[in-house]
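Enquirer: File follows, upload-v6.txt with compact mmCIF, C-alpha atoms:
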```
# COMPACT_ATOMS: atom_id res chain seq x y z
CA MET A 16 -0.33 -6.34 -26.27
CA ILE A 17 2.09 -4.40 -24.12
CA GLU A 18 5.48 -6.09 -24.26
CA PHE A 19 8.06 -5.74 -21.53
CA ASP A 20 11.27 -7.15 -20.07
CA GLN A 21 11.92 -7.43 -16.37
CA PHE A 22 14.80 -8.00 -13.98
CA THR A 23 15.57 -7.53 -10.29
CA LEU A 24 18.63 -5.90 -8.75
CA ASP A 25 20.51 -7.55 -5.89
CA ASN A 26 18.93 -5.07 -3.44
CA GLY A 27 15.44 -6.21 -4.44
CA LEU A 28 14.43 -3.36 -6.77
CA ARG A 29 12.14 -4.78 -9.45
CA VAL A 30 12.64 -3.15 -12.86
CA LEU A 31 10.45 -3.42 -15.96
CA VAL A 32 11.25 -2.06 -19.42
CA HIS A 33 8.65 -1.31 -22.08
CA THR A 34 10.23 -0.22 -25.36
CA ASP A 35 8.29 2.07 -27.69
CA ARG A 36 10.51 3.53 -30.41
CA SER A 37 7.67 5.59 -31.89
CA VAL A 38 7.96 8.28 -29.21
CA PRO A 39 10.88 10.66 -28.55
CA ILE A 40 10.52 10.51 -24.78
CA VAL A 41 11.01 8.16 -21.86
CA ALA A 42 8.78 7.83 -18.81
CA THR A 43 10.14 6.52 -15.53
CA ASN A 44 7.58 5.45 -12.96
CA ILE A 45 8.55 4.33 -9.50
CA LEU A 46 5.87 2.77 -7.33
CA TYR A 47 6.48 2.39 -3.62
CA ASN A 48 4.46 -0.34 -1.97
CA VAL A 49 3.11 1.93 0.75
CA GLY A 50 -0.14 3.83 1.13
CA SER A 51 -2.31 5.14 3.89
CA ARG A 52 -3.39 1.59 4.75
CA ASP A 53 0.15 0.99 6.07
CA GLU A 54 0.07 3.79 8.62
CA ASP A 55 -0.23 3.60 12.38
CA GLU A 56 -3.78 4.62 13.25
CA ASN A 57 -2.34 7.24 15.61
CA LYS A 58 0.05 8.62 12.97
CA THR A 59 -1.99 8.85 9.79
CA GLY A 60 -1.34 10.95 6.70
CA PHE A 61 2.36 10.05 6.51
CA ALA A 62 2.24 8.45 3.04
CA HIS A 63 0.65 11.59 1.65
CA LEU A 64 3.11 13.78 3.56
CA PHE A 65 5.94 11.89 1.88
CA GLU A 66 4.45 12.58 -1.52
CA HIS A 67 5.33 16.19 -0.72
CA LEU A 68 8.57 15.62 1.19
CA MET A 69 10.14 13.64 -1.66
CA PHE A 70 10.14 16.84 -3.72
CA GLY A 71 11.80 18.83 -0.93
CA GLY A 72 15.35 17.91 -1.76
CA SER A 73 17.70 15.02 -1.04
CA VAL A 74 21.28 14.62 0.15
CA ASN A 75 22.87 15.84 -3.08
CA ILE A 76 19.99 17.69 -4.78
CA PRO A 77 18.53 20.61 -2.81
CA THR A 78 15.92 21.44 -5.47
CA PHE A 79 14.35 18.46 -7.23
CA ASP A 80 12.56 20.26 -10.06
CA GLU A 81 15.43 22.42 -11.30
CA PRO A 82 17.57 19.70 -12.98
CA LEU A 83 14.45 18.38 -14.73
CA GLN A 84 13.44 21.76 -16.04
CA ILE A 85 16.91 22.24 -17.51
CA VAL A 86 16.55 19.09 -19.64
CA GLY A 87 12.88 19.66 -20.55
CA GLY A 88 11.45 17.08 -18.17
CA GLU A 89 8.28 16.98 -16.08
CA ASN A 90 7.37 15.12 -12.91
CA ASN A 91 4.61 14.58 -10.39
CA ALA A 92 3.26 12.06 -7.92
CA PHE A 93 0.13 10.74 -6.24
CA THR A 94 -0.76 8.78 -3.14
CA ASN A 95 -3.74 6.55 -2.46
CA PRO A 96 -4.59 4.00 0.24
CA ASP A 97 -2.44 1.33 -1.45
CA ILE A 98 0.56 2.97 -3.14
CA THR A 99 2.72 6.05 -3.49
CA ASN A 100 3.67 6.70 -7.11
CA TYR A 101 6.27 9.07 -8.60
CA TYR A 102 6.79 9.66 -12.30
CA ILE A 103 9.08 11.59 -14.61
CA THR A 104 9.00 12.15 -18.37
CA VAL A 105 12.14 13.37 -20.16
CA PRO A 106 13.44 13.52 -23.72
CA ALA A 107 14.99 10.12 -24.47
CA ALA A 108 18.49 11.64 -24.64
CA ASN A 109 18.18 12.80 -21.02
CA LEU A 110 17.05 9.54 -19.44
CA GLU A 111 19.99 9.42 -17.03
CA THR A 112 18.81 12.64 -15.39
CA ALA A 113 15.66 10.86 -14.25
CA PHE A 114 17.71 7.96 -12.90
CA TRP A 115 20.04 10.02 -10.74
CA LEU A 116 17.21 12.19 -9.43
CA GLU A 117 15.06 9.22 -8.39
CA SER A 118 17.99 7.26 -6.97
CA ASP A 119 19.23 10.15 -4.87
CA ARG A 120 15.93 10.69 -3.10
CA MET A 121 15.60 6.93 -2.58
CA LEU A 122 19.10 6.90 -1.09
CA SER A 123 18.16 9.51 1.48
CA LEU A 124 16.11 12.64 1.83
CA SER A 125 17.74 15.75 3.25
CA PHE A 126 15.52 15.59 6.36
CA ASP A 127 15.84 19.35 6.61
CA PRO A 128 13.56 20.61 9.43
CA LYS A 129 12.68 23.63 7.29
CA VAL A 130 11.44 21.35 4.48
CA LEU A 131 9.29 19.41 6.95
CA GLU A 132 7.75 22.62 8.26
CA VAL A 133 7.00 23.92 4.78
CA GLN A 134 5.39 20.68 3.60
CA ARG A 135 3.54 20.26 6.88
CA LYS A 136 1.89 23.64 6.28
CA VAL A 137 1.09 22.69 2.67
CA VAL A 138 -0.64 19.47 3.76
CA ILE A 139 -2.57 21.21 6.55
CA GLU A 140 -3.79 23.84 4.10
CA GLU A 141 -4.75 21.12 1.61
CA TYR A 142 -6.72 19.34 4.35
CA LYS A 143 -8.61 22.52 5.20
CA GLN A 144 -9.26 23.42 1.59
CA ASN A 145 -10.40 19.99 0.34
CA TYR A 146 -12.06 18.51 3.42
CA LEU A 147 -13.19 21.30 5.74
CA ASN A 148 -13.92 24.30 3.55
CA GLN A 149 -15.41 22.63 0.47
CA PRO A 150 -19.07 21.62 0.15
CA TYR A 151 -19.39 17.86 0.78
CA GLY A 152 -15.60 17.77 1.36
CA ASP A 153 -15.94 15.49 4.38
CA ALA A 154 -18.59 13.21 2.85
CA LEU A 155 -16.37 10.38 1.60
CA MET A 156 -14.31 10.59 4.77
CA SER A 157 -17.48 10.02 6.80
CA LEU A 158 -18.77 7.31 4.44
CA LYS A 159 -15.56 5.26 4.62
CA ALA A 160 -15.43 5.58 8.39
CA LEU A 161 -19.00 4.22 8.42
CA ALA A 162 -18.34 1.35 6.00
CA TYR A 163 -15.02 0.23 7.50
CA GLN A 164 -14.87 -0.61 11.19
CA THR A 165 -11.37 -2.13 11.44
CA HIS A 166 -9.47 -1.92 8.13
CA PRO A 167 -7.24 1.17 7.67
CA TYR A 168 -9.23 2.13 4.58
CA ARG A 169 -11.47 3.78 7.18
CA TRP A 170 -9.33 6.93 7.15
CA PRO A 171 -8.56 9.11 4.11
CA THR A 172 -5.17 9.30 2.45
CA ILE A 173 -4.56 12.78 3.80
CA GLY A 174 -5.01 11.46 7.34
CA ARG A 175 -7.71 10.71 9.87
CA ASP A 176 -6.89 13.76 11.99
CA ILE A 177 -4.78 16.69 10.88
CA SER A 178 -3.16 16.76 14.33
CA HIS A 179 -1.19 13.66 13.29
CA ILE A 180 0.65 15.76 10.70
CA GLU A 181 0.84 18.81 12.97
CA GLU A 182 2.61 16.71 15.61
CA ALA A 183 4.86 14.67 13.28
CA THR A 184 8.53 14.80 14.31
CA LEU A 185 11.68 14.33 12.25
CA ASP A 186 12.23 11.00 14.01
CA ASP A 187 8.74 9.89 12.90
CA VAL A 188 9.53 10.96 9.35
CA LYS A 189 12.89 9.17 9.26
CA ALA A 190 11.40 5.94 10.64
CA PHE A 191 8.65 5.95 8.00
CA PHE A 192 11.13 6.66 5.22
CA TYR A 193 13.60 3.91 6.09
CA LYS A 194 10.78 1.40 6.57
CA PHE A 195 9.04 1.91 3.24
CA TYR A 196 11.15 3.91 0.76
CA ARG A 197 13.66 1.16 0.14
CA PRO A 198 14.55 -0.52 -3.18
CA ASN A 199 13.09 -3.87 -2.11
CA ASN A 200 9.75 -2.13 -1.52
CA ALA A 201 9.68 -0.42 -4.93
CA ILE A 202 8.92 -1.16 -8.58
CA LEU A 203 10.61 0.87 -11.32
CA VAL A 204 9.15 0.95 -14.84
CA VAL A 205 11.03 2.61 -17.70
CA ALA A 206 8.99 3.07 -20.88
CA GLY A 207 9.57 4.71 -24.24
CA GLN A 208 12.49 5.06 -26.61
CA VAL A 209 14.89 2.95 -24.57
CA GLU A 210 16.59 -0.45 -24.72
CA THR A 211 16.64 -3.02 -21.93
CA GLU A 212 20.43 -3.29 -21.75
CA GLU A 213 20.75 0.46 -21.29
CA VAL A 214 18.18 0.38 -18.49
CA LYS A 215 20.09 -2.46 -16.80
CA ARG A 216 23.28 -0.41 -16.95
CA LEU A 217 21.64 2.71 -15.53
CA ALA A 218 19.68 0.81 -12.90
CA ASN A 219 22.81 -0.86 -11.56
CA LYS A 220 24.79 2.38 -11.75
CA TRP A 221 22.30 4.55 -9.90
CA PHE A 222 20.25 2.15 -7.76
CA GLY A 223 22.49 -0.88 -7.30
CA ASP A 224 24.39 0.45 -4.26
CA ILE A 225 21.33 1.60 -2.33
CA PRO A 226 20.95 -0.78 0.62
CA ALA A 227 17.79 -2.82 0.94
CA GLY A 228 15.59 -2.31 3.95
CA GLU A 229 13.99 -4.90 6.17
CA THR A 230 11.35 -6.87 4.31
CA TYR A 231 7.93 -5.40 4.99
CA HIS A 232 5.32 -8.04 5.80
CA ARG A 233 1.88 -6.47 5.58
CA ASP A 234 -0.48 -7.79 8.27
CA LEU A 235 -3.48 -5.50 8.31
CA PRO A 236 -6.67 -5.98 10.33
CA GLN A 237 -9.25 -7.39 7.93
CA GLU A 238 -12.81 -6.18 7.77
CA ALA A 239 -15.44 -8.61 9.04
CA GLN A 240 -18.44 -9.29 6.84
CA GLN A 241 -21.09 -6.64 7.34
CA THR A 242 -24.34 -8.15 8.58
CA LYS A 243 -26.68 -5.19 8.96
CA PRO A 244 -27.22 -1.84 7.24
CA ARG A 245 -25.50 1.22 8.64
CA THR A 246 -26.73 4.79 8.30
CA LEU A 247 -25.40 8.19 9.25
CA THR A 248 -26.98 11.61 8.89
CA LYS A 249 -25.00 14.82 8.90
CA SER A 250 -25.65 18.36 7.79
CA GLY A 251 -23.63 21.24 6.45
CA GLU A 252 -23.55 24.40 4.39
CA VAL A 253 -24.06 22.62 1.07
CA PRO A 254 -26.26 23.58 -1.90
CA ALA A 255 -28.51 20.50 -1.81
CA HIS A 256 -29.23 17.26 0.03
CA ALA A 257 -27.04 14.35 -1.06
CA ILE A 258 -26.94 10.59 -0.62
CA TYR A 259 -23.81 8.43 -0.49
CA LYS A 260 -24.20 4.65 -0.41
CA ALA A 261 -21.36 2.12 -0.06
CA PHE A 262 -21.35 -1.66 -0.52
CA HIS A 263 -18.36 -3.90 0.24
CA VAL A 264 -16.84 -5.49 -2.90
CA PRO A 265 -13.88 -7.77 -3.69
CA GLY A 266 -10.35 -6.41 -4.04
CA ARG A 267 -8.66 -5.51 -7.31
CA ASP A 268 -7.06 -8.93 -7.91
CA ASP A 269 -10.19 -10.95 -7.10
CA ALA A 270 -11.63 -13.08 -9.91
CA GLY A 271 -14.99 -11.31 -9.57
CA TYR A 272 -13.65 -7.76 -9.67
CA GLN A 273 -14.48 -7.10 -13.34
CA THR A 274 -18.06 -8.28 -12.79
CA VAL A 275 -18.55 -5.82 -9.93
CA ASP A 276 -16.90 -3.05 -11.94
CA LEU A 277 -19.31 -3.61 -14.84
CA LEU A 278 -22.23 -3.76 -12.40
CA SER A 279 -21.29 -0.29 -11.15
CA ASP A 280 -21.15 0.90 -14.78
CA ILE A 281 -24.65 -0.43 -15.45
CA LEU A 282 -25.91 1.41 -12.40
CA GLY A 283 -24.30 4.78 -12.86
CA ARG A 284 -21.28 5.21 -15.11
CA SER A 285 -22.81 7.36 -17.83
CA ARG A 286 -25.80 9.46 -18.80
CA SER A 287 -27.36 6.32 -20.28
CA SER A 288 -26.94 4.30 -17.07
CA ARG A 289 -29.95 3.10 -15.10
CA LEU A 290 -29.65 5.52 -12.21
CA PHE A 291 -29.14 8.58 -14.41
CA THR A 292 -31.83 7.63 -16.92
CA ARG A 293 -34.46 6.86 -14.32
CA LEU A 294 -33.68 9.39 -11.57
CA VAL A 295 -32.35 12.39 -13.49
CA LYS A 296 -34.02 12.24 -16.90
CA GLU A 297 -37.34 10.43 -16.42
CA ASN A 298 -38.17 11.13 -12.78
CA PRO A 299 -35.87 14.02 -11.82
CA LEU A 300 -35.30 13.34 -8.14
CA PHE A 301 -31.57 13.97 -8.53
CA SER A 302 -29.60 16.67 -10.33
CA SER A 303 -26.71 14.21 -10.68
CA ILE A 304 -26.01 10.61 -9.73
CA ASN A 305 -23.26 8.11 -10.46
CA SER A 306 -21.64 4.94 -9.20
CA TYR A 307 -18.14 3.50 -9.26
CA VAL A 308 -15.86 1.03 -7.49
CA THR A 309 -12.82 2.17 -5.54
CA GLY A 310 -10.56 -0.43 -7.21
CA SER A 311 -8.45 -0.94 -4.09
CA VAL A 312 -6.05 -3.83 -3.57
CA ASP A 313 -7.85 -5.06 -0.46
CA PRO A 314 -11.66 -5.44 -0.54
CA GLY A 315 -13.09 -2.07 -1.54
CA LEU A 316 -16.41 -0.34 -2.04
CA LEU A 317 -19.03 0.18 -4.71
CA ILE A 318 -20.18 3.75 -4.12
CA ILE A 319 -23.38 5.42 -5.32
CA HIS A 320 -23.44 9.19 -4.98
CA GLY A 321 -26.25 11.55 -5.90
CA ARG A 322 -27.28 15.16 -5.26
CA LEU A 323 -30.99 15.74 -4.88
CA ASN A 324 -33.12 18.34 -6.61
CA GLN A 325 -34.67 21.02 -4.46
CA GLY A 326 -37.78 19.89 -2.59
CA VAL A 327 -37.02 16.15 -2.82
CA GLU A 328 -36.93 14.29 0.49
CA LEU A 329 -33.95 12.08 1.31
CA ASP A 330 -36.16 9.07 2.11
CA THR A 331 -37.95 9.38 -1.25
CA ALA A 332 -34.68 9.56 -3.17
CA ASN A 333 -33.14 6.68 -1.24
CA SER A 334 -36.17 4.48 -1.89
CA ALA A 335 -35.89 5.22 -5.60
CA ILE A 336 -32.28 4.02 -5.62
CA ASP A 337 -33.29 0.86 -3.76
CA THR A 338 -36.02 0.18 -6.32
CA ILE A 339 -33.54 0.24 -9.20
CA ILE A 340 -31.17 -2.02 -7.28
CA ARG A 341 -33.96 -4.56 -6.71
CA GLU A 342 -34.81 -4.56 -10.41
CA ILE A 343 -31.25 -5.56 -11.31
CA GLN A 344 -31.29 -8.25 -8.63
CA GLU A 345 -34.62 -9.71 -9.75
CA GLN A 346 -34.47 -9.33 -13.55
CA PRO A 347 -31.41 -10.33 -15.60
CA ILE A 348 -30.00 -7.49 -17.66
CA SER A 349 -30.05 -7.85 -21.44
CA ASN A 350 -27.04 -8.83 -23.51
CA ASP A 351 -27.28 -5.46 -25.25
CA GLU A 352 -27.01 -3.54 -21.98
CA LEU A 353 -24.02 -5.61 -20.92
CA ARG A 354 -22.42 -5.18 -24.32
CA LYS A 355 -22.79 -1.39 -24.01
CA VAL A 356 -20.91 -1.18 -20.71
CA LYS A 357 -18.29 -3.63 -21.94
CA ASN A 358 -17.69 -1.37 -24.93
CA GLN A 359 -17.36 1.61 -22.60
CA ALA A 360 -14.86 -0.27 -20.44
CA GLU A 361 -12.89 -1.41 -23.48
CA SER A 362 -12.81 2.12 -24.84
CA THR A 363 -11.45 3.45 -21.54
CA LEU A 364 -8.84 0.70 -21.49
CA VAL A 365 -7.68 1.37 -25.04
CA PHE A 366 -7.47 5.12 -24.58
CA SER A 367 -5.60 4.71 -21.29
CA GLU A 368 -2.90 2.76 -23.09
CA ILE A 369 -2.33 5.40 -25.77
CA GLU A 370 -0.35 7.56 -23.37
CA LEU A 371 3.09 6.20 -22.58
CA LEU A 372 3.01 7.24 -18.93
CA ASN A 373 -0.26 5.39 -18.34
CA ARG A 374 1.29 2.21 -19.72
CA ALA A 375 4.19 2.61 -17.32
CA MET A 376 1.87 3.17 -14.36
CA ASN A 377 -0.35 0.22 -15.26
CA LEU A 378 2.67 -2.07 -15.63
CA ALA A 379 3.88 -1.05 -12.18
CA PHE A 380 0.47 -1.64 -10.61
CA SER A 381 0.05 -5.03 -12.32
CA THR A 382 3.45 -6.02 -10.97
CA LEU A 383 2.36 -4.98 -7.49
CA LEU A 384 -0.68 -7.25 -7.85
CA GLY A 385 1.67 -10.15 -8.52
CA ASN A 386 1.88 -10.46 -12.30
CA PRO A 387 2.88 -7.67 -14.73
CA ASP A 388 1.08 -9.49 -17.54
CA LEU A 389 -2.23 -8.67 -15.87
CA ILE A 390 -2.06 -5.49 -17.95
CA ASN A 391 -2.61 -7.66 -21.04
CA GLN A 392 -5.39 -9.77 -19.51
CA GLU A 393 -7.82 -7.02 -18.54
CA SER A 394 -9.71 -6.98 -21.83
CA GLU A 395 -10.20 -10.74 -21.83
CA LYS A 396 -11.54 -10.65 -18.28
CA ILE A 397 -14.01 -7.90 -19.16
CA GLN A 398 -15.31 -9.80 -22.18
CA ALA A 399 -15.72 -13.00 -20.16
CA VAL A 400 -18.37 -11.52 -17.84
CA ASN A 401 -21.93 -12.67 -18.62
CA THR A 402 -25.40 -11.52 -17.60
CA ASP A 403 -25.87 -14.31 -15.04
CA GLU A 404 -22.72 -13.24 -13.24
CA ILE A 405 -23.94 -9.64 -13.15
CA GLN A 406 -27.22 -10.71 -11.55
CA ARG A 407 -25.51 -12.98 -8.97
CA SER A 408 -23.08 -10.20 -8.13
CA SER A 409 -25.90 -7.70 -7.66
CA GLN A 410 -27.68 -10.09 -5.29
CA GLU A 411 -24.54 -10.63 -3.21
CA ILE A 412 -23.03 -7.14 -3.28
CA LEU A 413 -26.12 -4.91 -3.27
CA ASP A 414 -27.68 -6.66 -0.30
CA PRO A 415 -29.13 -4.05 2.11
CA GLU A 416 -27.25 -5.74 4.96
CA ASN A 417 -24.01 -4.95 3.09
CA SER A 418 -24.84 -1.26 2.77
CA SER A 419 -23.67 1.90 4.50
CA THR A 420 -25.64 5.06 3.73
CA LEU A 421 -24.73 8.66 4.46
CA PHE A 422 -27.55 11.19 4.27
CA TYR A 423 -26.02 14.64 3.83
CA GLU A 424 -28.58 17.32 4.65
CA ALA A 425 -28.33 20.88 3.41
CA ASN A 426 -28.86 23.40 6.20
CA ASP A 427 -31.96 25.50 5.71
```
Transcribe the structure of this file into C-alpha cells.
Expert:
Amino acid sequence: MIEFDQFTLDNGLRVLVHTDRSVPIVATNILYNVGSRDEDENKTGFAHLFEHLMFGGSVNIPTFDEPLQIVGGENNAFTNPDITNYYITVPAANLETAFWLESDRMLSLSFDPKVLEVQRKVVIEEYKQNYLNQPYGDALMSLKALAYQTHPYRWPTIGRDISHIEEATLDDVKAFFYKFYRPNNAILVVAGQVETEEVKRLANKWFGDIPAGETYHRDLPQEAQQTKPRTLTKSGEVPAHAIYKAFHVPGRDDAGYQTVDLLSDILGRSRSSRLFTRLVKENPLFSSINSYVTGSVDPGLLIIHGRLNQGVELDTANSAIDTIIREIQEQPISNDELRKVKNQAESTLVFSEIELLNRAMNLAFSTLLGNPDLINQESEKIQAVNTDEIQRSSQEILDPENSSTLFYEAND
C-alpha cells in the first residue's frame, strides 16, 4: 500500500505527498497533461521539443543543471503521446532547490532564440538517428499511421514530419508553452523523506503565485471501429524481414485493460510465451518475437513484432502467428498459464515500486487517470482476471478485421 496526502493550490496545481522516511532522498515529479496527441497535426513534435527546451534555461536560471549538480541532485524527463514528465532527485536536505528550479521554468522559459536553435538541431539529429538512419527505425511510425486513421496517435512523439520542428517559430513555442505548461495543467508529486506540511509550505512559496492558464478541454478526434484488415509492405536496408501487427485495444483506464495486458503477456512477453516457444524454439521461423500493449490513455494497440530467420517467407511467418492467435480464441487457456503471467505481472509491479522515483511517477499518472489510489488497485485488478475473460478478449481484440499488419522486407 502506497500512502499519500494530497492538496490543490489556488492556481489549480495538484500536489501529492508520499512520505518514506527510510530513504535519505526526495524525488519531485511534475507531470504536465500534454503529449503529442494534443498537437496540431500541422505542428507536430512540439511536446517532445519542450522536453528539451525546459532544460534550456528560464527567466532567472540560465543553466538548469548547474544548481542541481552543486547539491548532488539529478534530473531528467520523457515525453509520450499522453504526457510530458520531469523529475528530480535530491538529498532530502536540499529539497527546496528542486522546488525553485521547477517553479521558475513553469513561471516562464527564457525563450532565448539561441536555445531554440540549439534544441531544434538536437531534435532534428535525434529524428535522423532514431527514425531514418537506424534499421527498422521507421517501422512503428508506419504501423501507427496504418492503424490510426484519425486519432493523433497516428504520428510519433518526435513528430510526423521533421519540417514541423524545422519551421517552428518563437511565437509557436510561446503559444504552446502558455497553453499547456501552466499549474492547473500539472500534477506535482513529492516523495521520500519529507513531511506534508513542509511540502505545503514550499508549494505555496514557490508555485502559489504562478498564474493559472485557461482550462484546457481536450476534444480529440476519436478513432472509428476498424472493420477490415489493413496491410502495408515496405522495404529497407535491414538485416532480416520483419512483421509488425497491431490490434486496437481499450485505453489505460478501461475496465478490461488488465485482461488485454495479460493476453499480450500470454502471447509474447517472455521466452516461455506462446509465440516465442512455438515460433522461435520449436519451429524457428523467427529469430525473435514479442507482444505488448501501448498502455495509452486513449484506446491503444496490442502490438506483435517479430524478426524472421533467413529464408523464411513473410506469408509463412504471418500465417504461423495467425494460427497461434486462433488457438487462443478457440481453446481456453489453462489456469496454470494464466497464473504464470499474473505472477510475472505482479513481480514487475512489486519491483517497480521499490524505487522511490517510480512510486512518484506512478502516483502522478494515477492522478491523471482520475484517482491516485489506482496505484494501489492494480494488483487486485490483475488477480481478478479469469480464463474466460482472456478468451473473450482474444476473440474481440485479435479479430483479423481489427488488425493492421506491416511487412518489412529486407532488400536483397
Enquirer: Report as a ChimeraX atom specification all protein, DNA and RNA residues lying within 10 Å of A:Phe114, evaluated on only C-alpha atoms, omitting residues in the same chain fewer than 4 positions from it.
Expert: /A:43,103,109-110,118-119,205,214,217-218,220-222
Enquirer: Suppose you want the space between atom CA of A:Leu421 and atom CA of A:Tyr163; what is it in Å?
Expert: 13.2 Å
Enquirer: Can you tell me how far atom CA of A:Pro96 sits from atom CA of A:Pro167, in Å to one decimal?
Expert: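 Separation between atom CA of A:Pro96 and atom CA of A:Pro167: 8.4 Å.
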Enquirer: In Å, with one decimal, what is the gap from atom CA of A:Ile319 to atom CA of A:Lys396?
Expert: 23.8 Å
Enquirer: Quick one: of A:Leu277, A:Leu353, A:Ala255, A:Ile45, who's nearest to A:Pro150, counting all atoms listed in the file?
Expert: A:Ala255
Enquirer: When you count all atoms listed in the file, which of these residues is closest to A:Phe126: A:Thr246, A:Thr94, A:Gln84, A:Asn75?
Expert: A:Asn75
Enquirer: Per residue of stretch 24-132 of chain A within 9 Å of stretch 360-384 of chain A, what are the shortest atom pair and its distance in Å to one decimal, counting all atoms listed in the file, with rows by chain and residue number, as CSV?
Expert:
```
residue,atom,partner,partner_atom,distance
A:Arg29,CA,A:Thr382,CA,8.9
A:Leu31,CA,A:Leu378,CA,7.9
A:Val32,CA,A:Ala375,CA,8.7
A:His33,CA,A:Ala375,CA,7.6
A:Asp35,CA,A:Leu371,CA,8.4
A:Val38,CA,A:Leu371,CA,8.5
A:Ile40,CA,A:Leu371,CA,8.9
A:Val41,CA,A:Leu371,CA,8.2
A:Ala42,CA,A:Leu372,CA,5.8
A:Thr43,CA,A:Ala375,CA,7.3
A:Asn44,CA,A:Ala375,CA,6.2
A:Ile45,CA,A:Ala379,CA,7.6
A:Leu46,CA,A:Ala379,CA,6.5
A:Asn48,CA,A:Leu383,CA,7.5
A:Ile98,CA,A:Phe380,CA,8.8
A:Asn100,CA,A:Met376,CA,8.3
A:Tyr102,CA,A:Leu372,CA,8.0
A:Ile103,CA,A:Leu372,CA,8.6
A:Thr104,CA,A:Leu372,CA,7.8
```
Enquirer: Once you have the residues from the selection above, write them out as a short mmCIF file (atom, residue, chain, number, x, y, z; two decimals), keeping the file's coordinate frame, restricted to C-alpha atoms.
Expert:
```
data_model
loop_
_atom_site.label_atom_id
_atom_site.label_comp_id
_atom_site.auth_asym_id
_atom_site.auth_seq_id
_atom_site.Cartn_x
_atom_site.Cartn_y
_atom_site.Cartn_z
CA ARG A 29 12.14 -4.78 -9.45
CA LEU A 31 10.45 -3.42 -15.96
CA VAL A 32 11.25 -2.06 -19.42
CA HIS A 33 8.65 -1.31 -22.08
CA ASP A 35 8.29 2.07 -27.69
CA VAL A 38 7.96 8.28 -29.21
CA ILE A 40 10.52 10.51 -24.78
CA VAL A 41 11.01 8.16 -21.86
CA ALA A 42 8.78 7.83 -18.81
CA THR A 43 10.14 6.52 -15.53
CA ASN A 44 7.58 5.45 -12.96
CA ILE A 45 8.55 4.33 -9.50
CA LEU A 46 5.87 2.77 -7.33
CA ASN A 48 4.46 -0.34 -1.97
CA ILE A 98 0.56 2.97 -3.14
CA ASN A 100 3.67 6.70 -7.11
CA TYR A 102 6.79 9.66 -12.30
CA ILE A 103 9.08 11.59 -14.61
CA THR A 104 9.00 12.15 -18.37
#
```
Enquirer: Using all atoms listed in the file, pick whichever of A:Asp224, A:Leu161, A:Tyr101, A:Thr59 has the shortest atom-to-atom distance to A:Asp25.
Expert: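 Nearest to A:Asp25: A:Asp224.
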Enquirer: Using only C-alpha atoms, pick whichever of A:Val105, A:Met121, A:Ile339, A:Ala162 has the shortest atom-to-atom distance to A:Gln240.
Expert: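 Among the listed residues, the smallest separation from A:Gln240 belongs to A:Ala162.
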Enquirer: Residues within 10 Å of A:Ile412, please, as a PDB file with C-alpha atoms, keeping the file's coordinate frame. Count all atoms listed in the file; anything in the same chain fewer than 4 positions from it doesn't count.
Expert:
```pdb
ATOM      1  CA  ALA A 261     -21.360   2.120  -0.060  1.00  0.00           C
ATOM      2  CA  PHE A 262     -21.350  -1.660  -0.520  1.00  0.00           C
ATOM      3  CA  HIS A 263     -18.360  -3.900   0.240  1.00  0.00           C
ATOM      4  CA  VAL A 264     -16.840  -5.490  -2.900  1.00  0.00           C
ATOM      5  CA  PRO A 265     -13.880  -7.770  -3.690  1.00  0.00           C
ATOM      6  CA  VAL A 275     -18.550  -5.820  -9.930  1.00  0.00           C
ATOM      7  CA  LEU A 278     -22.230  -3.760 -12.400  1.00  0.00           C
ATOM      8  CA  LEU A 316     -16.410  -0.340  -2.040  1.00  0.00           C
ATOM      9  CA  LEU A 317     -19.030   0.180  -4.710  1.00  0.00           C
ATOM     10  CA  GLN A 344     -31.290  -8.250  -8.630  1.00  0.00           C
ATOM     11  CA  GLN A 406     -27.220 -10.710 -11.550  1.00  0.00           C
ATOM     12  CA  ARG A 407     -25.510 -12.980  -8.970  1.00  0.00           C
ATOM     13  CA  SER A 408     -23.080 -10.200  -8.130  1.00  0.00           C
ATOM     14  CA  GLU A 416     -27.250  -5.740   4.960  1.00  0.00           C
ATOM     15  CA  ASN A 417     -24.010  -4.950   3.090  1.00  0.00           C
ATOM     16  CA  SER A 418     -24.840  -1.260   2.770  1.00  0.00           C
TER      17      SER A 418
END
```
Enquirer: Taking the point (16.5, -4.3, -10.9) as given in the file, collect each protein or nucleic acid residue that comes within 10 Å of it, counting all atoms listed in the file, and present the set as a ChimeraX atom specification.
Expert: /A:21-31,198-199,201-204,214-219,222-223
Enquirer: Tell me which of A:Thr34, A:Thr184, A:Ser409, A:Ser51 sits closest to A:Leu282, counting all atoms listed in the file.
Expert: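 That would be A:Ser409, the residue with the smallest distance to A:Leu282.
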Enquirer: Out of A:Asp176, A:Asp313, A:Glu229, A:Asp268, which residue has the shortest atom-to-atom distance to A:Gln392 when counting only C-alpha atoms?
Expert: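 Between A:Asp176, A:Asp313, A:Glu229, A:Asp268, the residue approaching A:Gln392 most closely is A:Asp268.
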Enquirer: Just want the 10 Å neighbourhood of A:Arg354, counted on all atoms listed in the file, with same-chain residues fewer than 3 positions away dropped. Output as a list in words.
Expert: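 The residues that qualify are Ser349, Asn350, Asp351, Lys357, Asn358, Gln359, Ala360, Gln398, Val400, Asn401 and Thr402 of chain A.
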Enquirer: Using only the atoms of stretch 67-72 of chain A listed in the file, plus 4 Å on each side, state the axis-aligned box centre and edge lengths in Å rounded to one decimal, as AutoDock Vina command-line options.
Expert:
```
--center_x 10.3 --center_y 16.2 --center_z -1.3 --size_x 18.0 --size_y 13.2 --size_z 12.9
```
